[in-house]
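Okay, data-v3.csv now, which holds CSV, C-alpha atoms and all ligand atoms:
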chain,number,residue,atom,x,y,z
A,1,MET,CA,96.2,90.2,113.5
A,2,ALA,CA,92.8,89.1,114.8
A,3,GLU,CA,92.8,86.8,117.9
A,4,ASP,CA,91.4,83.9,116.0
A,5,THR,CA,93.8,84.1,113.0
A,6,ILE,CA,96.4,81.4,113.0
A,7,LEU,CA,98.1,82.3,109.7
A,8,SER,CA,98.1,85.4,107.7
A,9,THR,CA,100.0,86.8,104.7
A,10,SER,CA,100.3,90.4,103.7
A,11,GLY,CA,101.4,91.5,100.3
A,12,LEU,CA,102.9,88.1,99.6
A,13,THR,CA,104.6,88.2,96.2
A,14,LYS,CA,106.7,85.8,94.2
A,15,GLU,CA,108.3,86.8,91.0
A,16,PHE,CA,110.2,84.4,88.7
A,17,ALA,CA,112.4,86.2,86.3
A,18,GLY,CA,110.0,89.1,85.9
A,19,PHE,CA,106.9,86.9,85.9
A,20,THR,CA,104.7,87.4,89.0
A,21,ALA,CA,103.3,84.0,90.0
A,22,VAL,CA,101.9,85.3,93.3
A,23,ASN,CA,100.9,88.9,93.4
A,24,SER,CA,100.3,90.8,96.7
A,25,VAL,CA,98.3,88.0,98.3
A,26,ASP,CA,96.6,88.8,101.6
A,27,LEU,CA,95.4,85.6,103.2
A,28,SER,CA,93.9,85.1,106.6
A,29,VAL,CA,93.2,81.6,108.0
A,30,ARG,CA,91.1,81.2,111.1
A,31,ARG,CA,92.2,78.9,113.8
A,32,GLY,CA,90.4,75.6,113.7
A,33,SER,CA,89.0,76.1,110.2
A,34,ILE,CA,89.3,74.1,107.0
A,35,HIS,CA,90.3,76.7,104.5
A,36,ALA,CA,90.6,75.9,100.8
A,37,LEU,CA,92.8,77.6,98.2
A,38,ILE,CA,91.3,77.1,94.8
A,39,GLY,CA,91.7,78.6,91.3
A,40,PRO,CA,92.3,77.6,87.7
A,41,ASN,CA,95.6,76.1,86.6
A,42,GLY,CA,98.5,78.5,86.9
A,43,ALA,CA,96.7,80.6,89.5
A,44,GLY,CA,99.6,80.4,91.9
A,45,LYS,CA,98.3,78.0,94.4
A,46,THR,CA,101.4,75.7,94.6
A,47,THR,CA,103.7,78.7,94.6
A,48,CYS,CA,101.7,80.1,97.6
A,49,PHE,CA,102.1,76.8,99.4
A,50,ASN,CA,105.8,76.7,98.7
A,51,LEU,CA,106.1,80.2,100.1
A,52,LEU,CA,104.2,79.3,103.3
A,53,THR,CA,106.5,76.5,104.1
A,54,LYS,CA,109.6,78.3,102.8
A,55,PHE,CA,110.5,76.0,100.0
A,56,LEU,CA,110.5,79.2,98.2
A,57,ALA,CA,111.5,82.6,99.5
A,58,PRO,CA,109.0,85.4,98.9
A,59,THR,CA,110.1,88.4,96.7
A,60,ARG,CA,108.1,90.6,99.0
A,61,GLY,CA,105.5,90.4,101.7
A,62,SER,CA,105.2,88.8,105.1
A,63,ILE,CA,103.9,85.6,106.6
A,64,VAL,CA,102.7,85.6,110.2
A,65,TYR,CA,102.0,82.4,112.0
A,66,ASN,CA,100.7,82.5,115.6
A,67,GLY,CA,101.7,86.1,115.9
A,68,ARG,CA,105.3,85.5,114.7
A,69,ASP,CA,106.8,86.6,111.4
A,70,ILE,CA,108.0,83.4,109.8
A,71,SER,CA,109.1,85.0,106.5
A,72,ARG,CA,112.7,84.5,107.3
A,73,GLU,CA,112.5,81.2,109.1
A,74,LYS,CA,113.9,77.9,107.7
A,75,PRO,CA,111.5,75.1,106.7
A,76,ALA,CA,112.5,72.9,109.6
A,77,GLU,CA,111.9,75.7,112.1
A,78,ILE,CA,108.4,76.4,110.6
A,79,ALA,CA,107.6,72.7,111.0
A,80,ARG,CA,108.8,72.8,114.6
A,81,LEU,CA,106.5,75.7,115.3
A,82,GLY,CA,103.6,73.4,114.2
A,83,LEU,CA,103.0,74.4,110.6
A,84,VAL,CA,103.5,71.2,108.6
A,85,ARG,CA,103.0,70.4,105.0
A,86,SER,CA,101.8,67.0,104.1
A,87,PHE,CA,104.3,65.6,101.7
A,88,GLN,CA,103.6,63.6,98.6
A,89,ILE,CA,103.6,59.8,98.7
A,90,SER,CA,107.3,59.9,97.9
A,91,ALA,CA,107.9,60.6,101.6
A,92,VAL,CA,106.6,57.1,102.4
A,93,PHE,CA,109.0,54.2,102.2
A,94,PRO,CA,107.3,51.7,99.9
A,95,GLN,CA,109.3,48.6,101.0
A,96,LEU,CA,108.6,49.1,104.7
A,97,SER,CA,105.4,48.2,106.5
A,98,VAL,CA,102.6,50.7,107.4
A,99,LEU,CA,103.6,50.3,111.1
A,100,THR,CA,107.3,50.9,110.4
A,101,ASN,CA,106.6,54.0,108.3
A,102,VAL,CA,104.6,55.6,111.1
A,103,ARG,CA,107.2,54.5,113.7
A,104,ILE,CA,109.9,56.2,111.7
A,105,ALA,CA,107.9,59.4,111.5
A,106,LEU,CA,107.4,59.4,115.2
A,107,GLN,CA,111.1,58.7,115.8
A,108,ARG,CA,112.0,61.7,113.8
A,109,ARG,CA,109.9,63.9,116.0
A,110,LYS,CA,111.0,62.5,119.2
A,111,ARG,CA,114.6,62.3,120.5
A,112,GLY,CA,116.7,62.5,117.4
A,113,ASP,CA,119.2,59.7,117.0
A,114,SER,CA,120.3,59.0,120.5
A,115,PHE,CA,121.0,55.3,120.4
A,116,ASP,CA,120.6,54.7,124.2
A,117,PHE,CA,117.2,56.4,124.2
A,118,TRP,CA,115.9,54.0,121.5
A,119,ARG,CA,117.3,50.9,123.3
A,120,SER,CA,114.8,51.4,126.1
A,121,GLU,CA,112.0,48.8,126.1
A,122,ARG,CA,109.6,51.3,127.6
A,123,VAL,CA,110.3,53.9,124.9
A,124,LEU,CA,109.9,51.3,122.1
A,125,SER,CA,106.6,50.0,123.4
A,126,GLU,CA,105.2,53.6,123.9
A,127,LEU,CA,106.3,54.3,120.3
A,128,ASP,CA,104.6,51.2,119.1
A,129,ALA,CA,101.3,52.1,120.9
A,130,GLU,CA,101.4,55.6,119.5
A,131,ALA,CA,102.1,54.4,116.0
A,132,ARG,CA,99.1,52.0,116.2
A,133,SER,CA,96.8,54.7,117.5
A,134,LEU,CA,97.7,57.0,114.6
A,135,ILE,CA,97.2,54.1,112.1
A,136,GLU,CA,93.8,53.5,113.7
A,137,ALA,CA,93.0,57.2,113.4
A,138,VAL,CA,93.5,57.1,109.6
A,139,GLY,CA,91.7,53.8,109.2
A,140,LEU,CA,94.7,51.7,108.3
A,141,THR,CA,94.6,49.1,111.1
A,142,PRO,CA,93.6,46.2,108.8
A,143,PHE,CA,96.7,47.0,106.6
A,144,LEU,CA,99.2,47.5,109.4
A,145,GLY,CA,101.5,44.7,108.3
A,146,LEU,CA,101.4,45.4,104.5
A,147,THR,CA,104.2,47.3,103.0
A,148,ALA,CA,103.3,50.9,101.9
A,149,GLY,CA,103.9,49.8,98.3
A,150,GLU,CA,101.1,47.3,98.6
A,151,LEU,CA,98.5,49.9,99.6
A,152,SER,CA,96.0,51.4,97.2
A,153,TYR,CA,96.6,55.0,96.1
A,154,GLY,CA,94.0,56.4,98.5
A,155,ARG,CA,95.4,54.4,101.4
A,156,LYS,CA,98.9,55.6,100.6
A,157,ARG,CA,97.6,59.1,101.0
A,158,ALA,CA,96.0,58.1,104.4
A,159,LEU,CA,99.4,56.7,105.4
A,160,GLU,CA,101.1,59.9,104.3
A,161,ILE,CA,98.7,61.9,106.5
A,162,ALA,CA,99.5,59.6,109.4
A,163,THR,CA,103.2,60.2,109.0
A,164,THR,CA,102.4,63.9,108.9
A,165,LEU,CA,100.2,63.7,112.0
A,166,ALA,CA,103.2,62.1,113.8
A,167,LEU,CA,104.8,65.5,113.7
A,168,GLU,CA,101.9,66.8,115.8
A,169,PRO,CA,101.1,69.7,113.5
A,170,GLU,CA,98.9,72.5,114.8
A,171,MET,CA,98.2,73.5,111.3
A,172,LEU,CA,98.4,71.2,108.3
A,173,LEU,CA,98.9,72.2,104.7
A,174,LEU,CA,97.4,69.6,102.3
A,175,ASP,CA,98.4,69.8,98.7
A,176,GLU,CA,95.7,68.2,96.5
A,177,PRO,CA,94.8,65.5,99.0
A,178,MET,CA,92.3,63.9,96.6
A,179,ALA,CA,94.4,64.1,93.4
A,180,GLY,CA,94.0,61.1,91.2
A,181,MET,CA,91.5,59.3,93.4
A,182,GLY,CA,88.4,57.4,92.7
A,183,ARG,CA,85.1,58.2,94.4
A,184,GLU,CA,85.5,55.7,97.3
A,185,ASP,CA,89.0,57.0,98.2
A,186,VAL,CA,87.8,60.6,97.9
A,187,GLU,CA,85.1,59.9,100.4
A,188,ARG,CA,87.5,58.1,102.7
A,189,ILE,CA,90.0,61.0,102.7
A,190,ALA,CA,87.3,63.6,103.0
A,191,ALA,CA,86.1,61.9,106.2
A,192,LEU,CA,89.7,61.7,107.4
A,193,ILE,CA,90.3,65.4,106.8
A,194,ARG,CA,87.0,66.2,108.7
A,195,LYS,CA,88.1,64.1,111.6
A,196,ILE,CA,91.7,65.4,111.9
A,197,SER,CA,90.4,69.0,111.6
A,198,LYS,CA,88.6,68.7,114.9
A,199,ASN,CA,91.7,69.9,116.8
A,200,ARG,CA,93.8,71.5,114.1
A,201,THR,CA,93.6,74.0,111.3
A,202,ILE,CA,93.8,72.8,107.7
A,203,LEU,CA,94.7,74.8,104.6
A,204,MET,CA,94.3,72.8,101.4
A,205,VAL,CA,94.7,73.2,97.7
A,206,GLU,CA,92.1,71.0,96.0
A,207,HIS,CA,90.7,70.8,92.5
A,208,ASN,CA,87.7,68.7,93.3
A,209,LEU,CA,85.1,71.5,93.9
A,210,SER,CA,82.4,69.2,95.4
A,211,VAL,CA,85.0,68.2,98.0
A,212,VAL,CA,85.9,71.8,98.6
A,213,ALA,CA,82.2,72.7,98.9
A,214,SER,CA,81.5,70.0,101.5
A,215,LEU,CA,84.6,70.3,103.6
A,216,SER,CA,85.6,74.0,103.7
A,217,ASP,CA,84.6,76.6,106.1
A,218,ARG,CA,86.2,79.3,104.0
A,219,ILE,CA,87.6,79.5,100.5
A,220,THR,CA,90.1,81.8,98.9
A,221,VAL,CA,90.0,81.9,95.1
A,222,LEU,CA,93.2,82.8,93.3
A,223,ALA,CA,93.6,83.7,89.6
A,224,ARG,CA,96.7,85.0,87.9
A,225,GLY,CA,98.5,85.2,91.2
A,226,GLN,CA,95.9,87.4,92.9
A,227,VAL,CA,93.0,86.9,95.3
A,228,LEU,CA,89.8,87.0,93.3
A,229,ALA,CA,87.3,86.2,96.0
A,230,GLU,CA,87.1,85.0,99.6
A,231,GLY,CA,84.2,83.6,101.6
A,232,ASP,CA,82.2,80.5,102.0
A,233,TYR,CA,81.4,78.2,99.1
A,234,ALA,CA,77.9,79.6,98.5
A,235,THR,CA,79.3,83.1,98.2
A,236,VAL,CA,82.4,82.5,96.1
A,237,SER,CA,80.7,80.1,93.7
A,238,LYS,CA,78.2,82.8,92.8
A,239,ASP,CA,80.8,85.5,92.3
A,240,PRO,CA,80.8,86.4,88.5
A,241,ARG,CA,84.6,87.0,88.6
A,242,VAL,CA,85.2,83.4,89.9
A,243,ILE,CA,82.8,81.9,87.3
A,244,GLU,CA,84.6,83.8,84.6
A,245,ALA,CA,88.1,82.8,85.8
A,246,TYR,CA,87.1,79.1,85.7
A,247,ILE,CA,85.4,79.3,82.4
A,248,GLY,CA,88.1,81.5,80.8
A,249,SER,CA,90.9,79.2,82.0
A,301,LIG,P1,98.8,76.5,90.4
A,301,LIG,O1,99.4,75.6,91.5
A,301,LIG,O2,97.7,77.4,90.8
A,301,LIG,O3,98.5,75.7,89.1
A,301,LIG,P2,101.5,77.5,90.2
A,301,LIG,O4,101.8,78.1,91.5
A,301,LIG,O5,102.1,76.1,90.0
A,301,LIG,O6,100.0,77.5,89.9
A,301,LIG,O7,102.1,78.4,89.1
A,301,LIG,C1,101.7,79.8,88.9
A,301,LIG,C2,102.5,80.4,87.7
A,301,LIG,O8,103.9,80.5,88.1
A,301,LIG,C3,102.4,79.5,86.5
A,301,LIG,O9,102.3,80.3,85.4
A,301,LIG,C4,103.7,78.8,86.5
A,301,LIG,O10,104.1,78.5,85.1
A,301,LIG,C5,104.7,79.8,87.1
A,301,LIG,N1,105.8,79.2,87.8
A,301,LIG,C6,105.7,78.3,88.9
A,301,LIG,N2,106.9,78.0,89.3
A,301,LIG,C7,107.8,78.6,88.5
A,301,LIG,C8,109.2,78.6,88.4
A,301,LIG,N3,110.0,77.9,89.3
A,301,LIG,N4,109.8,79.3,87.5
A,301,LIG,C9,109.0,80.1,86.6
A,301,LIG,N5,107.7,80.1,86.6
A,301,LIG,C10,107.1,79.4,87.6

Could you express the structure from this file as structure tokens?
Amino acid sequence: MAEDTILSTSGLTKEFAGFTAVNSVDLSVRRGSIHALIGPNGAGKTTCFNLLTKFLAPTRGSIVYNGRDISREKPAEIARLGLVRSFQISAVFPQLSVLTNVRIALQRRKRGDSFDFWRSERVLSELDAEARSLIEAVGLTPFLGLTAGELSYGRKRALEIATTLALEPEMLLLDEPMAGMGREDVERIAALIRKISKNRTILMVEHNLSVVASLSDRITVLARGQVLAEGDYATVSKDPRVIEAYIGS
């Protein structure tokens, strides 16, 4: 594995009852990059993500993260190593405030459930300050006291990203971060992704190709479970196999 590769897969394969959803995928993500995984519907993008975070076990192949084979690790251990998937909005508690949601996420990362630890005034005020700074980072300070349920869709995604950042990921997997958003929210989340990518690696599945074009350093195109092309946007968007896969889908 090259020095600057943070995550790589080799021959990654997932079969479902004889159907090969992911077929011998070799993926290599550079440290510090924004890498997009694109492809027509049914290409195997979600299955790939599920394999990377071990929500699914691969049929064959390996996954190496920071030089360590994680193919047999449990999801919680993978998250502990710094490879974290941003969960859908369902991971946010709608009836709790923005501030409380982020505090809960921070509490999860910190000292487990030790009651004495959480009774300390100092710990609670540090937690509060950290939560506020994460909320500031994702642009939600004006909405700090609203419940998560009262936020617009795009702001809920920003909150979801804040709760994920609370886990201090070194590498973040974003599953369609712009799905279902209007233009304003798309721009807001794109700016947020650019900002949080400054000190971490991002791998995202995204359908919005103009977002992919403007954000990604590198793109892997999947079709029918296989890697069709890899490179920067200018290169992959001109590849006749990529054009055909999109038109033919
Ligand atoms: P994408 O995210 O690129 O749209 P998916 O990874 O969701 O693609 O799906 C790839 C293929 O694998 C699809 O044909 C899908 O129907 C199939 N597939 C995904 N999950 C399962 C499953 N649990 N059982 C059977 N087939 C599945």

For this session: Pick out the residues sitting within 10 Å of range 2-12 of chain A, and hand them over as a PyMOL selection string; count only C-alpha atoms, and ignore anything fewer than 5 positions along from it in its own chain.
Result: chain A and resi 22-33+48+51-52+58-71+83+170-171+201+203+225-226

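Of the residues under consideration (A:Ala21, A:Ile243, A:Arg194, A:Pro94), A:Ala21 shows the shortest atom-to-atom contact distance to Arg224 in chain A when counting all atoms listed in the file.
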
For this session: Can you work out which one of A:Asp185, A:Glu15, A:Glu160, A:Glu126 has the shortest atom-to-atom distance to ligand LIG 301 (chain A), counting all atoms listed in the file?
Result: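 For ligand LIG 301 (chain A), the nearest of the candidates is A:Glu15.
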
Long-range neighbours of Ala234 in chain A as a PDB file with C-alpha atoms, keeping the file's coordinate frame, 10 Å cut-off, only C-alpha atoms, 4 positions minimum in chain:
ATOM      1  CA  ALA A 213      82.200  72.700  98.900  1.00  0.00           C
ATOM      2  CA  ARG A 218      86.200  79.300 104.000  1.00  0.00           C
ATOM      3  CA  ILE A 219      87.600  79.500 100.500  1.00  0.00           C
ATOM      4  CA  LYS A 238      78.200  82.800  92.800  1.00  0.00           C
ATOM      5  CA  ASP A 239      80.800  85.500  92.300  1.00  0.00           C
TER       6      ASP A 239
END

Problem set entry | Interatomic distance (Å, one decimal) between CA of Ala105 in chain A and CA of Glu130 in chain A |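 Between these atoms lies a distance of 11.0 Å.
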
Got a sec to write range 21-164 of chain A of the block to a file, C-alpha atoms, as a PDB file, in the first residue's frame?
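The resulting file, part17.pdb, is reproduced below:
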ATOM      1  CA  ALA A  21     -23.489  -6.941  -6.325  1.00  0.00           C
ATOM      2  CA  VAL A  22     -19.827  -5.953  -5.867  1.00  0.00           C
ATOM      3  CA  ASN A  23     -17.370  -7.696  -8.123  1.00  0.00           C
ATOM      4  CA  SER A  24     -13.611  -7.660  -7.436  1.00  0.00           C
ATOM      5  CA  VAL A  25     -13.407  -3.986  -6.578  1.00  0.00           C
ATOM      6  CA  ASP A  26      -9.948  -2.508  -6.098  1.00  0.00           C
ATOM      7  CA  LEU A  27     -10.345   0.907  -4.562  1.00  0.00           C
ATOM      8  CA  SER A  28      -7.631   3.194  -3.289  1.00  0.00           C
ATOM      9  CA  VAL A  29      -8.392   6.366  -1.375  1.00  0.00           C
ATOM     10  CA  ARG A  30      -5.648   8.919  -0.810  1.00  0.00           C
ATOM     11  CA  ARG A  31      -5.190  10.414   2.612  1.00  0.00           C
ATOM     12  CA  GLY A  32      -6.713  13.885   2.839  1.00  0.00           C
ATOM     13  CA  SER A  33      -8.703  13.630  -0.401  1.00  0.00           C
ATOM     14  CA  ILE A  34     -12.391  13.924  -1.178  1.00  0.00           C
ATOM     15  CA  HIS A  35     -13.114  10.763  -3.136  1.00  0.00           C
ATOM     16  CA  ALA A  36     -16.496  10.142  -4.753  1.00  0.00           C
ATOM     17  CA  LEU A  37     -18.055   6.823  -5.587  1.00  0.00           C
ATOM     18  CA  ILE A  38     -20.538   7.245  -8.404  1.00  0.00           C
ATOM     19  CA  GLY A  39     -22.426   5.062 -10.841  1.00  0.00           C
ATOM     20  CA  PRO A  40     -25.912   4.345 -12.103  1.00  0.00           C
ATOM     21  CA  ASN A  41     -28.582   2.809  -9.860  1.00  0.00           C
ATOM     22  CA  GLY A  42     -27.780  -0.732  -8.846  1.00  0.00           C
ATOM     23  CA  ALA A  43     -24.044  -0.239  -9.524  1.00  0.00           C
ATOM     24  CA  GLY A  44     -23.125  -1.508  -6.045  1.00  0.00           C
ATOM     25  CA  LYS A  45     -22.252   1.777  -4.319  1.00  0.00           C
ATOM     26  CA  THR A  46     -24.340   1.211  -1.197  1.00  0.00           C
ATOM     27  CA  THR A  47     -23.203  -2.388  -0.936  1.00  0.00           C
ATOM     28  CA  CYS A  48     -19.596  -1.160  -1.150  1.00  0.00           C
ATOM     29  CA  PHE A  49     -20.217   1.301   1.697  1.00  0.00           C
ATOM     30  CA  ASN A  50     -21.847  -1.423   3.767  1.00  0.00           C
ATOM     31  CA  LEU A  51     -18.815  -3.633   3.213  1.00  0.00           C
ATOM     32  CA  LEU A  52     -16.388  -0.881   4.221  1.00  0.00           C
ATOM     33  CA  THR A  53     -18.090  -0.334   7.563  1.00  0.00           C
ATOM     34  CA  LYS A  54     -18.808  -4.027   8.011  1.00  0.00           C
ATOM     35  CA  PHE A  55     -22.574  -3.772   8.030  1.00  0.00           C
ATOM     36  CA  LEU A  56     -22.096  -6.524   5.477  1.00  0.00           C
ATOM     37  CA  ALA A  57     -19.412  -9.176   5.409  1.00  0.00           C
ATOM     38  CA  PRO A  58     -17.528  -9.519   2.117  1.00  0.00           C
ATOM     39  CA  THR A  59     -17.793 -12.785   0.226  1.00  0.00           C
ATOM     40  CA  ARG A  60     -14.158 -12.309  -0.826  1.00  0.00           C
ATOM     41  CA  GLY A  61     -11.469  -9.697  -0.794  1.00  0.00           C
ATOM     42  CA  SER A  62      -9.751  -7.478   1.717  1.00  0.00           C
ATOM     43  CA  ILE A  63     -10.115  -3.994   3.137  1.00  0.00           C
ATOM     44  CA  VAL A  64      -7.024  -2.269   4.474  1.00  0.00           C
ATOM     45  CA  TYR A  65      -7.324   0.890   6.571  1.00  0.00           C
ATOM     46  CA  ASN A  66      -4.166   2.649   7.716  1.00  0.00           C
ATOM     47  CA  GLY A  67      -2.115  -0.444   6.947  1.00  0.00           C
ATOM     48  CA  ARG A  68      -4.394  -2.744   8.929  1.00  0.00           C
ATOM     49  CA  ASP A  69      -6.653  -5.408   7.467  1.00  0.00           C
ATOM     50  CA  ILE A  70     -10.111  -4.572   8.803  1.00  0.00           C
ATOM     51  CA  SER A  71     -12.019  -7.200   6.815  1.00  0.00           C
ATOM     52  CA  ARG A  72     -12.708  -9.152   9.982  1.00  0.00           C
ATOM     53  CA  GLU A  73     -13.167  -6.279  12.415  1.00  0.00           C
ATOM     54  CA  LYS A  74     -16.517  -5.451  13.984  1.00  0.00           C
ATOM     55  CA  PRO A  75     -18.250  -2.164  13.024  1.00  0.00           C
ATOM     56  CA  ALA A  76     -17.618  -0.606  16.456  1.00  0.00           C
ATOM     57  CA  GLU A  77     -13.897  -1.375  16.234  1.00  0.00           C
ATOM     58  CA  ILE A  78     -13.712   0.150  12.745  1.00  0.00           C
ATOM     59  CA  ALA A  79     -15.321   3.328  14.077  1.00  0.00           C
ATOM     60  CA  ARG A  80     -12.855   3.333  16.967  1.00  0.00           C
ATOM     61  CA  LEU A  81     -10.003   3.203  14.456  1.00  0.00           C
ATOM     62  CA  GLY A  82     -11.322   6.437  12.955  1.00  0.00           C
ATOM     63  CA  LEU A  83     -13.306   5.219   9.933  1.00  0.00           C
ATOM     64  CA  VAL A  84     -16.805   6.503  10.566  1.00  0.00           C
ATOM     65  CA  ARG A  85     -19.919   6.464   8.483  1.00  0.00           C
ATOM     66  CA  SER A  86     -22.307   9.335   8.685  1.00  0.00           C
ATOM     67  CA  PHE A  87     -25.648   7.877   9.540  1.00  0.00           C
ATOM     68  CA  GLN A  88     -28.934   8.945   8.123  1.00  0.00           C
ATOM     69  CA  ILE A  89     -31.050  11.483   9.943  1.00  0.00           C
ATOM     70  CA  SER A  90     -32.699   8.658  11.882  1.00  0.00           C
ATOM     71  CA  ALA A  91     -29.625   8.761  14.142  1.00  0.00           C
ATOM     72  CA  VAL A  92     -30.640  12.229  15.325  1.00  0.00           C
ATOM     73  CA  PHE A  93     -33.218  12.526  18.141  1.00  0.00           C
ATOM     74  CA  PRO A  94     -35.971  14.794  16.750  1.00  0.00           C
ATOM     75  CA  GLN A  95     -37.458  15.757  20.106  1.00  0.00           C
ATOM     76  CA  LEU A  96     -34.131  16.896  21.576  1.00  0.00           C
ATOM     77  CA  SER A  97     -32.403  20.204  20.943  1.00  0.00           C
ATOM     78  CA  VAL A  98     -29.516  20.638  18.528  1.00  0.00           C
ATOM     79  CA  LEU A  99     -27.209  21.208  21.492  1.00  0.00           C
ATOM     80  CA  THR A 100     -28.389  18.094  23.337  1.00  0.00           C
ATOM     81  CA  ASN A 101     -28.021  15.939  20.231  1.00  0.00           C
ATOM     82  CA  VAL A 102     -24.391  16.950  19.830  1.00  0.00           C
ATOM     83  CA  ARG A 103     -23.719  16.580  23.559  1.00  0.00           C
ATOM     84  CA  ILE A 104     -25.085  13.043  23.482  1.00  0.00           C
ATOM     85  CA  ALA A 105     -22.821  12.210  20.540  1.00  0.00           C
ATOM     86  CA  LEU A 106     -19.811  13.593  22.410  1.00  0.00           C
ATOM     87  CA  GLN A 107     -20.765  11.678  25.550  1.00  0.00           C
ATOM     88  CA  ARG A 108     -20.827   8.462  23.563  1.00  0.00           C
ATOM     89  CA  ARG A 109     -17.269   9.004  22.456  1.00  0.00           C
ATOM     90  CA  LYS A 110     -15.929  10.004  25.828  1.00  0.00           C
ATOM     91  CA  ARG A 111     -16.131   8.061  29.030  1.00  0.00           C
ATOM     92  CA  GLY A 112     -18.941   5.599  28.498  1.00  0.00           C
ATOM     93  CA  ASP A 113     -21.557   5.702  31.198  1.00  0.00           C
ATOM     94  CA  SER A 114     -19.592   6.348  34.353  1.00  0.00           C
ATOM     95  CA  PHE A 115     -22.032   8.396  36.430  1.00  0.00           C
ATOM     96  CA  ASP A 116     -19.395  10.009  38.658  1.00  0.00           C
ATOM     97  CA  PHE A 117     -17.488  11.194  35.614  1.00  0.00           C
ATOM     98  CA  TRP A 118     -20.544  12.985  34.230  1.00  0.00           C
ATOM     99  CA  ARG A 119     -21.343  14.598  37.578  1.00  0.00           C
ATOM    100  CA  SER A 120     -18.213  16.731  37.418  1.00  0.00           C
ATOM    101  CA  GLU A 121     -19.011  20.391  36.687  1.00  0.00           C
ATOM    102  CA  ARG A 122     -15.745  20.809  34.811  1.00  0.00           C
ATOM    103  CA  VAL A 123     -16.453  17.847  32.530  1.00  0.00           C
ATOM    104  CA  LEU A 124     -19.944  19.136  31.797  1.00  0.00           C
ATOM    105  CA  SER A 125     -18.770  22.624  30.941  1.00  0.00           C
ATOM    106  CA  GLU A 126     -16.002  21.278  28.692  1.00  0.00           C
ATOM    107  CA  LEU A 127     -18.550  19.094  26.964  1.00  0.00           C
ATOM    108  CA  ASP A 128     -20.841  22.041  26.476  1.00  0.00           C
ATOM    109  CA  ALA A 129     -18.029  24.138  24.961  1.00  0.00           C
ATOM    110  CA  GLU A 130     -17.027  21.334  22.626  1.00  0.00           C
ATOM    111  CA  ALA A 131     -20.629  20.796  21.526  1.00  0.00           C
ATOM    112  CA  ARG A 132     -21.032  24.513  20.812  1.00  0.00           C
ATOM    113  CA  SER A 133     -17.854  24.596  18.758  1.00  0.00           C
ATOM    114  CA  LEU A 134     -18.995  21.638  16.636  1.00  0.00           C
ATOM    115  CA  ILE A 135     -22.360  23.310  16.145  1.00  0.00           C
ATOM    116  CA  GLU A 136     -20.562  26.474  15.065  1.00  0.00           C
ATOM    117  CA  ALA A 137     -18.423  24.459  12.644  1.00  0.00           C
ATOM    118  CA  VAL A 138     -21.505  23.141  10.847  1.00  0.00           C
ATOM    119  CA  GLY A 139     -23.229  26.544  10.836  1.00  0.00           C
ATOM    120  CA  LEU A 140     -26.033  25.696  13.261  1.00  0.00           C
ATOM    121  CA  THR A 141     -25.325  28.189  16.053  1.00  0.00           C
ATOM    122  CA  PRO A 142     -28.490  30.223  15.343  1.00  0.00           C
ATOM    123  CA  PHE A 143     -30.548  27.030  15.737  1.00  0.00           C
ATOM    124  CA  LEU A 144     -28.865  25.666  18.837  1.00  0.00           C
ATOM    125  CA  GLY A 145     -32.031  25.709  20.967  1.00  0.00           C
ATOM    126  CA  LEU A 146     -34.400  24.322  18.337  1.00  0.00           C
ATOM    127  CA  THR A 147     -35.289  20.668  18.456  1.00  0.00           C
ATOM    128  CA  ALA A 148     -33.747  18.598  15.675  1.00  0.00           C
ATOM    129  CA  GLY A 149     -37.274  17.927  14.416  1.00  0.00           C
ATOM    130  CA  GLU A 150     -37.799  21.647  13.806  1.00  0.00           C
ATOM    131  CA  LEU A 151     -34.791  21.968  11.478  1.00  0.00           C
ATOM    132  CA  SER A 152     -35.035  22.065   7.690  1.00  0.00           C
ATOM    133  CA  TYR A 153     -33.912  18.949   5.881  1.00  0.00           C
ATOM    134  CA  GLY A 154     -30.525  20.378   4.914  1.00  0.00           C
ATOM    135  CA  ARG A 155     -29.863  21.567   8.460  1.00  0.00           C
ATOM    136  CA  LYS A 156     -30.764  18.134   9.806  1.00  0.00           C
ATOM    137  CA  ARG A 157     -28.038  16.727   7.581  1.00  0.00           C
ATOM    138  CA  ALA A 158     -25.639  19.338   8.957  1.00  0.00           C
ATOM    139  CA  LEU A 159     -26.598  18.215  12.482  1.00  0.00           C
ATOM    140  CA  GLU A 160     -26.072  14.622  11.493  1.00  0.00           C
ATOM    141  CA  ILE A 161     -22.585  15.573  10.266  1.00  0.00           C
ATOM    142  CA  ALA A 162     -21.898  17.357  13.572  1.00  0.00           C
ATOM    143  CA  THR A 163     -22.862  14.248  15.553  1.00  0.00           C
ATOM    144  CA  THR A 164     -20.563  12.213  13.314  1.00  0.00           C
TER     145      THR A 164
END
